[in-house]
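Colleague: Sending over target14.csv (CSV, C-alpha atoms and all ligand atoms).
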chain,number,residue,atom,x,y,z
A,1,MET,CA,3.0,-18.3,-14.8
A,2,ARG,CA,2.4,-16.1,-11.8
A,3,ARG,CA,3.0,-12.3,-12.0
A,4,LEU,CA,3.5,-9.8,-9.3
A,5,ILE,CA,1.5,-6.7,-10.4
A,6,LEU,CA,2.7,-3.4,-8.9
A,7,SER,CA,1.8,0.3,-9.5
A,8,ASP,CA,2.4,3.7,-8.0
A,9,ILE,CA,5.3,2.9,-5.8
A,10,HIS,CA,6.1,6.6,-5.5
A,11,GLY,CA,9.5,6.3,-3.9
A,12,ASN,CA,8.1,4.6,-0.8
A,13,LEU,CA,10.8,2.1,0.1
A,14,GLU,CA,9.2,0.9,3.3
A,15,ALA,CA,6.0,0.0,1.4
A,16,LEU,CA,7.9,-1.6,-1.5
A,17,GLU,CA,10.0,-3.8,0.9
A,18,ALA,CA,6.9,-4.9,2.8
A,19,VAL,CA,5.3,-5.9,-0.5
A,20,SER,CA,8.4,-7.6,-1.7
A,21,ASN,CA,8.6,-9.7,1.5
A,22,ASP,CA,4.9,-10.5,1.5
A,23,ALA,CA,5.0,-11.6,-2.1
A,24,ARG,CA,8.2,-13.6,-1.9
A,25,GLY,CA,7.9,-17.1,-3.5
A,26,ARG,CA,4.5,-16.3,-4.9
A,27,TYR,CA,5.5,-15.0,-8.4
A,28,ASP,CA,7.7,-15.7,-11.4
A,29,GLU,CA,7.7,-12.2,-13.1
A,30,VAL,CA,7.1,-8.6,-12.2
A,31,VAL,CA,4.8,-6.1,-14.0
A,32,CYS,CA,4.7,-2.4,-13.1
A,33,CYS,CA,2.1,0.1,-14.2
A,34,GLY,CA,4.3,3.1,-13.5
A,35,ASP,CA,4.9,6.0,-11.1
A,36,ILE,CA,8.0,4.5,-9.5
A,37,VAL,CA,9.1,7.9,-8.2
A,38,GLY,CA,7.4,11.1,-6.9
A,39,TYR,CA,6.0,12.0,-3.5
A,40,GLY,CA,8.2,9.6,-1.4
A,41,ALA,CA,11.7,10.0,0.0
A,42,SER,CA,13.4,7.0,-1.8
A,43,PRO,CA,13.1,7.5,-5.6
A,44,HIS,CA,16.6,6.1,-6.2
A,45,GLU,CA,16.0,2.9,-4.1
A,46,ALA,CA,12.7,2.3,-5.9
A,47,ILE,CA,14.4,2.6,-9.3
A,48,VAL,CA,17.1,0.2,-8.2
A,49,TRP,CA,14.5,-2.3,-7.0
A,50,MET,CA,12.7,-2.1,-10.3
A,51,GLN,CA,15.9,-2.5,-12.3
A,52,ARG,CA,16.8,-5.6,-10.4
A,53,SER,CA,13.3,-7.1,-10.8
A,54,GLY,CA,13.5,-7.2,-14.6
A,55,ALA,CA,9.9,-6.0,-14.6
A,56,SER,CA,7.8,-5.1,-17.6
A,57,ILE,CA,7.2,-1.4,-16.9
A,58,VAL,CA,5.2,1.5,-18.4
A,59,ARG,CA,6.0,5.1,-17.4
A,60,GLY,CA,3.7,7.1,-15.1
A,61,ASN,CA,3.2,10.8,-15.1
A,62,HIS,CA,5.5,11.2,-12.1
A,63,ASP,CA,8.2,9.2,-13.8
A,64,ARG,CA,7.9,11.7,-16.7
A,65,ALA,CA,7.7,14.7,-14.4
A,66,ALA,CA,11.2,13.9,-12.9
A,67,TRP,CA,12.8,14.7,-16.3
A,68,GLU,CA,10.2,16.8,-18.1
A,69,PRO,CA,9.4,19.9,-16.0
A,70,GLY,CA,6.4,20.9,-18.2
A,71,VAL,CA,4.5,17.9,-16.9
A,72,ARG,CA,4.5,19.4,-13.4
A,73,GLU,CA,2.4,22.3,-14.4
A,74,SER,CA,-0.8,20.3,-14.0
A,75,PHE,CA,0.3,18.9,-10.6
A,76,THR,CA,-0.9,20.0,-7.2
A,77,PRO,CA,1.6,22.3,-5.4
A,78,SER,CA,2.9,19.4,-3.2
A,79,ALA,CA,3.2,17.0,-6.1
A,80,ARG,CA,5.1,19.7,-8.0
A,81,THR,CA,7.5,20.3,-5.1
A,82,ALA,CA,8.1,16.6,-4.8
A,83,ALA,CA,8.8,16.2,-8.6
A,84,ALA,CA,11.3,19.1,-8.5
A,85,TRP,CA,13.0,17.5,-5.4
A,86,CYS,CA,13.1,14.2,-7.3
A,87,ALA,CA,14.8,15.8,-10.3
A,88,GLN,CA,17.4,17.3,-7.9
A,89,VAL,CA,18.3,14.2,-5.9
A,90,LEU,CA,18.3,11.7,-8.7
A,91,GLY,CA,21.6,11.1,-10.6
A,92,GLU,CA,21.9,11.4,-14.4
A,93,GLU,CA,21.7,7.6,-14.8
A,94,ASP,CA,18.5,7.3,-12.9
A,95,LEU,CA,16.9,10.2,-14.9
A,96,ALA,CA,18.1,8.6,-18.1
A,97,TRP,CA,16.5,5.3,-17.0
A,98,LEU,CA,13.2,7.1,-16.3
A,99,ARG,CA,13.4,8.9,-19.6
A,100,ALA,CA,13.7,5.5,-21.4
A,101,LEU,CA,10.6,4.0,-19.9
A,102,PRO,CA,7.9,3.4,-22.6
A,103,PRO,CA,4.5,5.0,-22.6
A,104,GLY,CA,1.6,2.6,-22.6
A,105,PRO,CA,-0.1,0.7,-23.8
A,106,ILE,CA,2.3,-2.3,-24.0
A,107,TRP,CA,0.6,-5.4,-25.4
A,108,ARG,CA,2.5,-8.6,-24.3
A,109,ASP,CA,1.5,-12.2,-25.3
A,110,ASP,CA,-1.2,-12.6,-22.7
A,111,PHE,CA,-1.8,-9.2,-21.1
A,112,GLY,CA,-1.8,-5.4,-21.7
A,113,LEU,CA,-0.2,-2.8,-19.6
A,114,VAL,CA,-1.1,1.0,-19.2
A,115,HIS,CA,-0.6,3.7,-16.6
A,116,GLY,CA,-3.9,5.5,-16.9
A,117,SER,CA,-6.0,4.3,-19.8
A,118,PRO,CA,-5.4,2.5,-23.1
A,119,ASP,CA,-6.0,5.7,-25.1
A,120,ASP,CA,-4.4,8.3,-22.7
A,121,GLU,CA,-1.7,7.5,-20.2
A,122,ASP,CA,-2.8,10.5,-18.0
A,123,ALA,CA,-6.5,9.6,-17.9
A,124,TYR,CA,-8.1,8.3,-14.7
A,125,LEU,CA,-10.2,5.1,-14.8
A,126,GLU,CA,-11.8,5.1,-11.4
A,127,TYR,CA,-15.5,4.6,-11.8
A,128,THR,CA,-17.5,2.3,-14.0
A,129,THR,CA,-18.8,5.4,-15.8
A,130,ASP,CA,-15.2,6.1,-16.9
A,131,LEU,CA,-15.2,2.9,-18.9
A,132,ARG,CA,-17.3,4.0,-21.9
A,133,GLY,CA,-15.7,2.6,-25.1
A,134,ILE,CA,-12.6,1.3,-23.2
A,135,ASP,CA,-13.5,-2.4,-24.0
A,136,GLN,CA,-13.1,-1.5,-27.7
A,137,LEU,CA,-9.4,-0.5,-27.1
A,138,LEU,CA,-8.3,-3.6,-25.2
A,139,GLN,CA,-6.1,-5.7,-27.5
A,140,ARG,CA,-5.7,-8.4,-24.8
A,141,ARG,CA,-8.3,-10.1,-22.6
A,142,VAL,CA,-6.5,-9.0,-19.4
A,143,CYS,CA,-5.1,-5.5,-19.0
A,144,PHE,CA,-3.4,-3.9,-16.0
A,145,LEU,CA,-3.5,-0.2,-15.1
A,146,GLY,CA,-2.7,2.2,-12.2
A,147,HIS,CA,-2.7,6.0,-11.7
A,148,THR,CA,-5.9,6.3,-9.5
A,149,HIS,CA,-4.2,4.6,-6.5
A,150,VAL,CA,-7.4,2.7,-5.9
A,151,GLN,CA,-7.3,-1.1,-5.8
A,152,GLY,CA,-10.0,-2.8,-7.9
A,153,GLY,CA,-11.0,-3.6,-11.4
A,154,TRP,CA,-13.8,-4.7,-13.8
A,155,GLN,CA,-14.9,-7.7,-15.7
A,156,TRP,CA,-17.1,-7.3,-18.8
A,157,GLN,CA,-19.5,-10.2,-18.7
A,158,PRO,CA,-23.0,-11.0,-20.1
A,159,GLY,CA,-25.4,-8.7,-18.3
A,160,GLY,CA,-22.9,-5.9,-17.7
A,161,ILE,CA,-19.7,-4.8,-16.1
A,162,ARG,CA,-18.9,-6.5,-12.8
A,163,LEU,CA,-16.8,-4.7,-10.2
A,164,LEU,CA,-14.1,-7.0,-8.8
A,165,PRO,CA,-14.0,-7.4,-5.0
A,166,VAL,CA,-11.0,-6.2,-3.0
A,167,PRO,CA,-9.8,-7.2,0.6
A,168,ALA,CA,-11.8,-5.8,3.5
A,169,PRO,CA,-9.9,-3.6,5.9
A,170,GLU,CA,-9.1,-6.5,8.3
A,171,GLU,CA,-8.3,-9.0,5.5
A,172,PRO,CA,-4.9,-9.4,3.8
A,173,GLU,CA,-6.3,-10.9,0.6
A,174,CYS,CA,-9.2,-11.3,-1.7
A,175,VAL,CA,-8.9,-14.0,-4.4
A,176,VAL,CA,-11.0,-13.6,-7.5
A,177,GLU,CA,-11.7,-16.4,-10.0
A,178,LEU,CA,-11.4,-14.7,-13.4
A,179,ASP,CA,-13.9,-15.6,-16.2
A,180,PRO,CA,-11.8,-17.0,-19.1
A,181,ASP,CA,-14.1,-15.5,-21.7
A,182,SER,CA,-14.4,-11.9,-20.3
A,183,LEU,CA,-12.4,-8.8,-20.8
A,184,ILE,CA,-10.8,-7.8,-17.5
A,185,LEU,CA,-9.2,-4.5,-16.3
A,186,ILE,CA,-7.1,-4.8,-13.2
A,187,ASN,CA,-5.8,-2.0,-10.9
A,188,PRO,CA,-3.5,-3.6,-8.3
A,189,GLY,CA,-3.7,-0.4,-6.2
A,190,SER,CA,-0.8,1.8,-5.0
A,191,VAL,CA,2.2,0.3,-3.3
A,192,GLY,CA,3.4,3.6,-1.9
A,193,GLN,CA,0.5,6.0,-1.6
A,194,PRO,CA,-2.9,4.3,-1.4
A,195,ARG,CA,-6.0,6.6,-1.8
A,196,ASP,CA,-8.8,4.1,-1.1
A,197,TYR,CA,-8.8,4.8,2.7
A,198,ASP,CA,-6.8,1.7,3.4
A,199,PRO,CA,-3.3,2.8,4.3
A,200,ARG,CA,-1.8,-0.6,3.8
A,201,ALA,CA,0.4,-1.1,0.7
A,202,ALA,CA,-1.6,-2.6,-2.2
A,203,TYR,CA,-0.6,-5.0,-4.9
A,204,ALA,CA,-1.9,-8.0,-6.8
A,205,ILE,CA,-0.7,-11.4,-8.0
A,206,TRP,CA,-2.1,-12.8,-11.3
A,207,ASP,CA,-1.9,-16.6,-11.8
A,208,ALA,CA,-2.6,-16.8,-15.5
A,209,THR,CA,-2.5,-20.6,-15.5
A,210,GLN,CA,-5.1,-21.0,-12.8
A,211,GLY,CA,-7.1,-18.0,-13.9
A,212,LEU,CA,-6.8,-16.5,-10.4
A,213,LEU,CA,-6.2,-12.9,-9.2
A,214,SER,CA,-5.2,-12.1,-5.6
A,215,TYR,CA,-5.7,-8.6,-4.5
A,216,ARG,CA,-3.4,-8.2,-1.4
A,217,ARG,CA,-2.8,-5.6,1.3
A,218,VAL,CA,0.2,-5.5,3.6
A,219,ALA,CA,1.0,-3.2,6.6
A,220,TYR,CA,4.3,-1.4,6.5
A,221,ASP,CA,6.3,1.0,8.6
A,222,ILE,CA,4.4,4.2,7.8
A,223,ASP,CA,6.1,6.1,10.6
A,224,SER,CA,9.5,5.6,9.0
A,225,ALA,CA,8.3,6.6,5.5
A,226,GLN,CA,6.7,9.7,7.1
A,227,ARG,CA,9.8,10.7,9.1
A,228,ARG,CA,12.0,10.4,6.0
A,229,ILE,CA,9.6,12.5,3.9
A,230,VAL,CA,9.7,15.3,6.5
A,231,ALA,CA,13.5,14.9,6.9
A,232,ALA,CA,13.9,15.3,3.2
A,233,GLY,CA,12.2,18.7,3.4
A,234,LEU,CA,9.2,17.4,1.4
A,235,PRO,CA,5.7,18.8,2.1
A,236,HIS,CA,4.3,17.4,5.4
A,237,SER,CA,1.0,16.8,3.7
A,238,LEU,CA,2.7,14.0,1.7
A,239,ALA,CA,3.6,12.3,5.0
A,240,HIS,CA,0.2,12.9,6.6
A,241,ARG,CA,-1.8,11.3,3.8
A,242,LEU,CA,0.1,8.0,4.1
A,243,ALA,CA,-1.5,7.4,7.5
A,244,ILE,CA,-5.1,7.9,6.3
A,245,GLY,CA,-4.7,6.2,2.9
A,246,ARG,CA,-6.0,9.1,0.9
B,301,ZN,ZN,0.6,7.7,-9.1
Show me this structure written as structure tokens.
Modeller:
Amino acid sequence: MRRLILSDIHGNLEALEAVSNDARGRYDEVVCCGDIVGYGASPHEAIVWMQRSGASIVRGNHDRAAWEPGVRESFTPSARTAAAWCAQVLGEEDLAWLRALPPGPIWRDDFGLVHGSPDDEDAYLEYTTDLRGIDQLLQRRVCFLGHTHVQGGWQWQPGGIRLLPVPAPEEPECVVELDPDSLILINPGSVGQPRDYDPRAAYAIWDATQGLLSYRRVAYDIDSAQRRIVAAGLPHSLAHRLAIGR
């Protein structure tokens, strides 16, 4: 069983299509760690893609902000503007679909799925120091998360927590052989708004049978995504950050 792991698409259709093309034929099932909408100019198209994929999905804070205005209060001004725009342009059916997305964690047969952290969907697990006590909360050996927009992950092994390697800026892929006895937390990175200084769209493929994880990066038409953000009247800063990957 090979799974395509996606997170933080944020209405970036150009990035989502590039990932979809790059991953074609490499997976059997889709898993999504949330934030399908927010920031980008194509929230409806991202929702349609997700619906067609039959993915296992947990909601992200931006998915919630589209239908629950109170969530936006903790957002930056540009994120708040984008969430309000999203609520305006999405139809009732799309908003109802977002409202029905489950909060994490979801524990499936052989993996777990959260947006932020197993005990708080809005918490950021970015540094090894953020992981205190998290291993106690993992009900599956492998768990996927998003929210930070930083590709990476950790493996609890004898001697300590090992940081999983990700592709170098000039490499499309980094394949990791997962230890079958260790707890593993995997962030595929952000499809639509990477914040790890690599502007390429990020995703991962997990081959449970082989015990292999591929972190992948793919270039996409950033110019087009930026032009459409500006044309939609969204803050220019949301277009600018796509080019620097932060
Ligand atoms: Zn996000």
Colleague: Name the residues, by chain letter and number, that sit within 12 Å of ligand ZN 301 (chain B) using all atoms listed in the file, and give them as a PDB file with C-alpha atoms, in the frame of the given file.
Modeller:
ATOM      1  CA  LEU A   6       2.700  -3.400  -8.900  1.00  0.00           C
ATOM      2  CA  SER A   7       1.800   0.300  -9.500  1.00  0.00           C
ATOM      3  CA  ASP A   8       2.400   3.700  -8.000  1.00  0.00           C
ATOM      4  CA  ILE A   9       5.300   2.900  -5.800  1.00  0.00           C
ATOM      5  CA  HIS A  10       6.100   6.600  -5.500  1.00  0.00           C
ATOM      6  CA  GLY A  11       9.500   6.300  -3.900  1.00  0.00           C
ATOM      7  CA  ASN A  12       8.100   4.600  -0.800  1.00  0.00           C
ATOM      8  CA  CYS A  32       4.700  -2.400 -13.100  1.00  0.00           C
ATOM      9  CA  CYS A  33       2.100   0.100 -14.200  1.00  0.00           C
ATOM     10  CA  GLY A  34       4.300   3.100 -13.500  1.00  0.00           C
ATOM     11  CA  ASP A  35       4.900   6.000 -11.100  1.00  0.00           C
ATOM     12  CA  ILE A  36       8.000   4.500  -9.500  1.00  0.00           C
ATOM     13  CA  VAL A  37       9.100   7.900  -8.200  1.00  0.00           C
ATOM     14  CA  GLY A  38       7.400  11.100  -6.900  1.00  0.00           C
ATOM     15  CA  TYR A  39       6.000  12.000  -3.500  1.00  0.00           C
ATOM     16  CA  GLY A  40       8.200   9.600  -1.400  1.00  0.00           C
ATOM     17  CA  ARG A  59       6.000   5.100 -17.400  1.00  0.00           C
ATOM     18  CA  GLY A  60       3.700   7.100 -15.100  1.00  0.00           C
ATOM     19  CA  ASN A  61       3.200  10.800 -15.100  1.00  0.00           C
ATOM     20  CA  HIS A  62       5.500  11.200 -12.100  1.00  0.00           C
ATOM     21  CA  ASP A  63       8.200   9.200 -13.800  1.00  0.00           C
ATOM     22  CA  ARG A  64       7.900  11.700 -16.700  1.00  0.00           C
ATOM     23  CA  ALA A  65       7.700  14.700 -14.400  1.00  0.00           C
ATOM     24  CA  PHE A  75       0.300  18.900 -10.600  1.00  0.00           C
ATOM     25  CA  ALA A  79       3.200  17.000  -6.100  1.00  0.00           C
ATOM     26  CA  ALA A  83       8.800  16.200  -8.600  1.00  0.00           C
ATOM     27  CA  HIS A 115      -0.600   3.700 -16.600  1.00  0.00           C
ATOM     28  CA  GLY A 116      -3.900   5.500 -16.900  1.00  0.00           C
ATOM     29  CA  GLU A 121      -1.700   7.500 -20.200  1.00  0.00           C
ATOM     30  CA  ASP A 122      -2.800  10.500 -18.000  1.00  0.00           C
ATOM     31  CA  ALA A 123      -6.500   9.600 -17.900  1.00  0.00           C
ATOM     32  CA  TYR A 124      -8.100   8.300 -14.700  1.00  0.00           C
ATOM     33  CA  LEU A 145      -3.500  -0.200 -15.100  1.00  0.00           C
ATOM     34  CA  GLY A 146      -2.700   2.200 -12.200  1.00  0.00           C
ATOM     35  CA  HIS A 147      -2.700   6.000 -11.700  1.00  0.00           C
ATOM     36  CA  THR A 148      -5.900   6.300  -9.500  1.00  0.00           C
ATOM     37  CA  HIS A 149      -4.200   4.600  -6.500  1.00  0.00           C
ATOM     38  CA  VAL A 150      -7.400   2.700  -5.900  1.00  0.00           C
ATOM     39  CA  ASN A 187      -5.800  -2.000 -10.900  1.00  0.00           C
ATOM     40  CA  GLY A 189      -3.700  -0.400  -6.200  1.00  0.00           C
ATOM     41  CA  SER A 190      -0.800   1.800  -5.000  1.00  0.00           C
ATOM     42  CA  VAL A 191       2.200   0.300  -3.300  1.00  0.00           C
ATOM     43  CA  GLY A 192       3.400   3.600  -1.900  1.00  0.00           C
ATOM     44  CA  GLN A 193       0.500   6.000  -1.600  1.00  0.00           C
ATOM     45  CA  PRO A 194      -2.900   4.300  -1.400  1.00  0.00           C
ATOM     46  CA  ARG A 195      -6.000   6.600  -1.800  1.00  0.00           C
TER      47      ARG A 195
END
Colleague: Between A:Ile184, A:Ala202, A:Cys174, A:Leu101, which has the minimum distance to A:Leu138 (counting only C-alpha atoms)?
Modeller: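 Under the stated criterion, the closest residue is A:Ile184.
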Colleague: So what do you get for atom CA of A:Glu171 versus atom CA of A:Arg217, distance-wise?
Modeller: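 Going from atom CA of A:Glu171 over to atom CA of A:Arg217, I get 7.7 Å.
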Colleague: Find the residue from A:Ala23, A:Ala243, A:Leu238, A:Met50 that sits nearest to A:Arg80; use all atoms listed in the file when measuring.
Modeller: A:Leu238
Colleague: So how many Å separate atom CA of A:Arg216 and atom CA of A:Pro172, to one decimal?
Modeller: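 Separating atom CA of A:Arg216 from atom CA of A:Pro172 is a distance of 5.5 Å.
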Colleague: Please reconstruct the missing atoms of stretch 16-37 of chain A (target: N, CA, C and O atoms) and return them as an mmCIF file, in the coordinates of the input.
Modeller:
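Once everything was written out, this is result.cif:
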data_model
loop_
_atom_site.group_PDB
_atom_site.id
_atom_site.type_symbol
_atom_site.label_atom_id
_atom_site.label_comp_id
_atom_site.auth_asym_id
_atom_site.auth_seq_id
_atom_site.Cartn_x
_atom_site.Cartn_y
_atom_site.Cartn_z
ATOM 1 N N LEU A 16 7.468 -0.688 -0.412
ATOM 2 C CA LEU A 16 7.900 -1.600 -1.500
ATOM 3 C C LEU A 16 8.612 -2.838 -0.837
ATOM 4 O O LEU A 16 8.404 -3.965 -1.299
ATOM 5 N N GLU A 17 9.383 -2.631 0.226
ATOM 6 C CA GLU A 17 10.000 -3.800 0.900
ATOM 7 C C GLU A 17 9.009 -4.681 1.559
ATOM 8 O O GLU A 17 9.146 -5.908 1.537
ATOM 9 N N ALA A 18 7.975 -4.088 2.137
ATOM 10 C CA ALA A 18 6.900 -4.900 2.800
ATOM 11 C C ALA A 18 6.208 -5.748 1.723
ATOM 12 O O ALA A 18 5.935 -6.942 1.941
ATOM 13 N N VAL A 19 5.923 -5.154 0.574
ATOM 14 C CA VAL A 19 5.300 -5.900 -0.500
ATOM 15 C C VAL A 19 6.196 -6.999 -1.016
ATOM 16 O O VAL A 19 5.776 -8.144 -1.225
ATOM 17 N N SER A 20 7.461 -6.656 -1.190
ATOM 18 C CA SER A 20 8.400 -7.600 -1.700
ATOM 19 C C SER A 20 8.554 -8.826 -0.761
ATOM 20 O O SER A 20 8.574 -9.978 -1.211
ATOM 21 N N ASN A 21 8.586 -8.562 0.553
ATOM 22 C CA ASN A 21 8.600 -9.700 1.500
ATOM 23 C C ASN A 21 7.366 -10.483 1.522
ATOM 24 O O ASN A 21 7.397 -11.710 1.570
ATOM 25 N N ASP A 22 6.245 -9.795 1.458
ATOM 26 C CA ASP A 22 4.900 -10.500 1.500
ATOM 27 C C ASP A 22 4.740 -11.360 0.265
ATOM 28 O O ASP A 22 4.129 -12.424 0.344
ATOM 29 N N ALA A 23 5.264 -10.916 -0.867
ATOM 30 C CA ALA A 23 5.000 -11.600 -2.100
ATOM 31 C C ALA A 23 6.072 -12.690 -2.435
ATOM 32 O O ALA A 23 5.915 -13.454 -3.404
ATOM 33 N N ARG A 24 7.136 -12.726 -1.619
ATOM 34 C CA ARG A 24 8.200 -13.600 -1.900
ATOM 35 C C ARG A 24 7.765 -15.073 -2.105
ATOM 36 O O ARG A 24 6.995 -15.596 -1.317
ATOM 37 N N GLY A 25 8.224 -15.673 -3.218
ATOM 38 C CA GLY A 25 7.900 -17.100 -3.500
ATOM 39 C C GLY A 25 6.531 -17.260 -4.173
ATOM 40 O O GLY A 25 6.150 -18.372 -4.525
ATOM 41 N N ARG A 26 5.803 -16.162 -4.345
ATOM 42 C CA ARG A 26 4.500 -16.300 -4.900
ATOM 43 C C ARG A 26 4.397 -15.904 -6.398
ATOM 44 O O ARG A 26 3.329 -15.903 -6.986
ATOM 45 N N TYR A 27 5.537 -15.500 -7.005
ATOM 46 C CA TYR A 27 5.500 -15.000 -8.400
ATOM 47 C C TYR A 27 6.731 -15.391 -9.181
ATOM 48 O O TYR A 27 7.780 -15.686 -8.617
ATOM 49 N N ASP A 28 6.587 -15.361 -10.523
ATOM 50 C CA ASP A 28 7.700 -15.700 -11.400
ATOM 51 C C ASP A 28 8.225 -14.427 -12.138
ATOM 52 O O ASP A 28 9.353 -14.413 -12.615
ATOM 53 N N GLU A 29 7.382 -13.407 -12.251
ATOM 54 C CA GLU A 29 7.700 -12.200 -13.100
ATOM 55 C C GLU A 29 7.041 -11.011 -12.497
ATOM 56 O O GLU A 29 5.991 -11.119 -11.868
ATOM 57 N N VAL A 30 7.639 -9.828 -12.744
ATOM 58 C CA VAL A 30 7.100 -8.600 -12.200
ATOM 59 C C VAL A 30 6.553 -7.695 -13.331
ATOM 60 O O VAL A 30 7.181 -7.581 -14.393
ATOM 61 N N VAL A 31 5.408 -7.081 -13.082
ATOM 62 C CA VAL A 31 4.800 -6.100 -14.000
ATOM 63 C C VAL A 31 4.545 -4.844 -13.241
ATOM 64 O O VAL A 31 4.058 -4.897 -12.106
ATOM 65 N N CYS A 32 4.876 -3.688 -13.832
ATOM 66 C CA CYS A 32 4.700 -2.400 -13.100
ATOM 67 C C CYS A 32 3.971 -1.393 -13.986
ATOM 68 O O CYS A 32 4.402 -1.108 -15.101
ATOM 69 N N CYS A 33 2.896 -0.833 -13.450
ATOM 70 C CA CYS A 33 2.100 0.100 -14.200
ATOM 71 C C CYS A 33 2.511 1.571 -14.019
ATOM 72 O O CYS A 33 1.747 2.493 -14.326
ATOM 73 N N GLY A 34 3.727 1.799 -13.534
ATOM 74 C CA GLY A 34 4.300 3.100 -13.500
ATOM 75 C C GLY A 34 4.155 3.923 -12.243
ATOM 76 O O GLY A 34 3.569 3.461 -11.271
ATOM 77 N N ASP A 35 4.748 5.142 -12.246
ATOM 78 C CA ASP A 35 4.900 6.000 -11.100
ATOM 79 C C ASP A 35 5.776 5.303 -10.011
ATOM 80 O O ASP A 35 5.347 5.013 -8.887
ATOM 81 N N ILE A 36 7.009 5.099 -10.405
ATOM 82 C CA ILE A 36 8.000 4.500 -9.500
ATOM 83 C C ILE A 36 8.505 5.579 -8.541
ATOM 84 O O ILE A 36 8.817 5.282 -7.399
ATOM 85 N N VAL A 37 8.563 6.823 -9.017
ATOM 86 C CA VAL A 37 9.100 7.900 -8.200
ATOM 87 C C VAL A 37 7.988 8.996 -7.988
ATOM 88 O O VAL A 37 6.884 8.884 -8.499
#
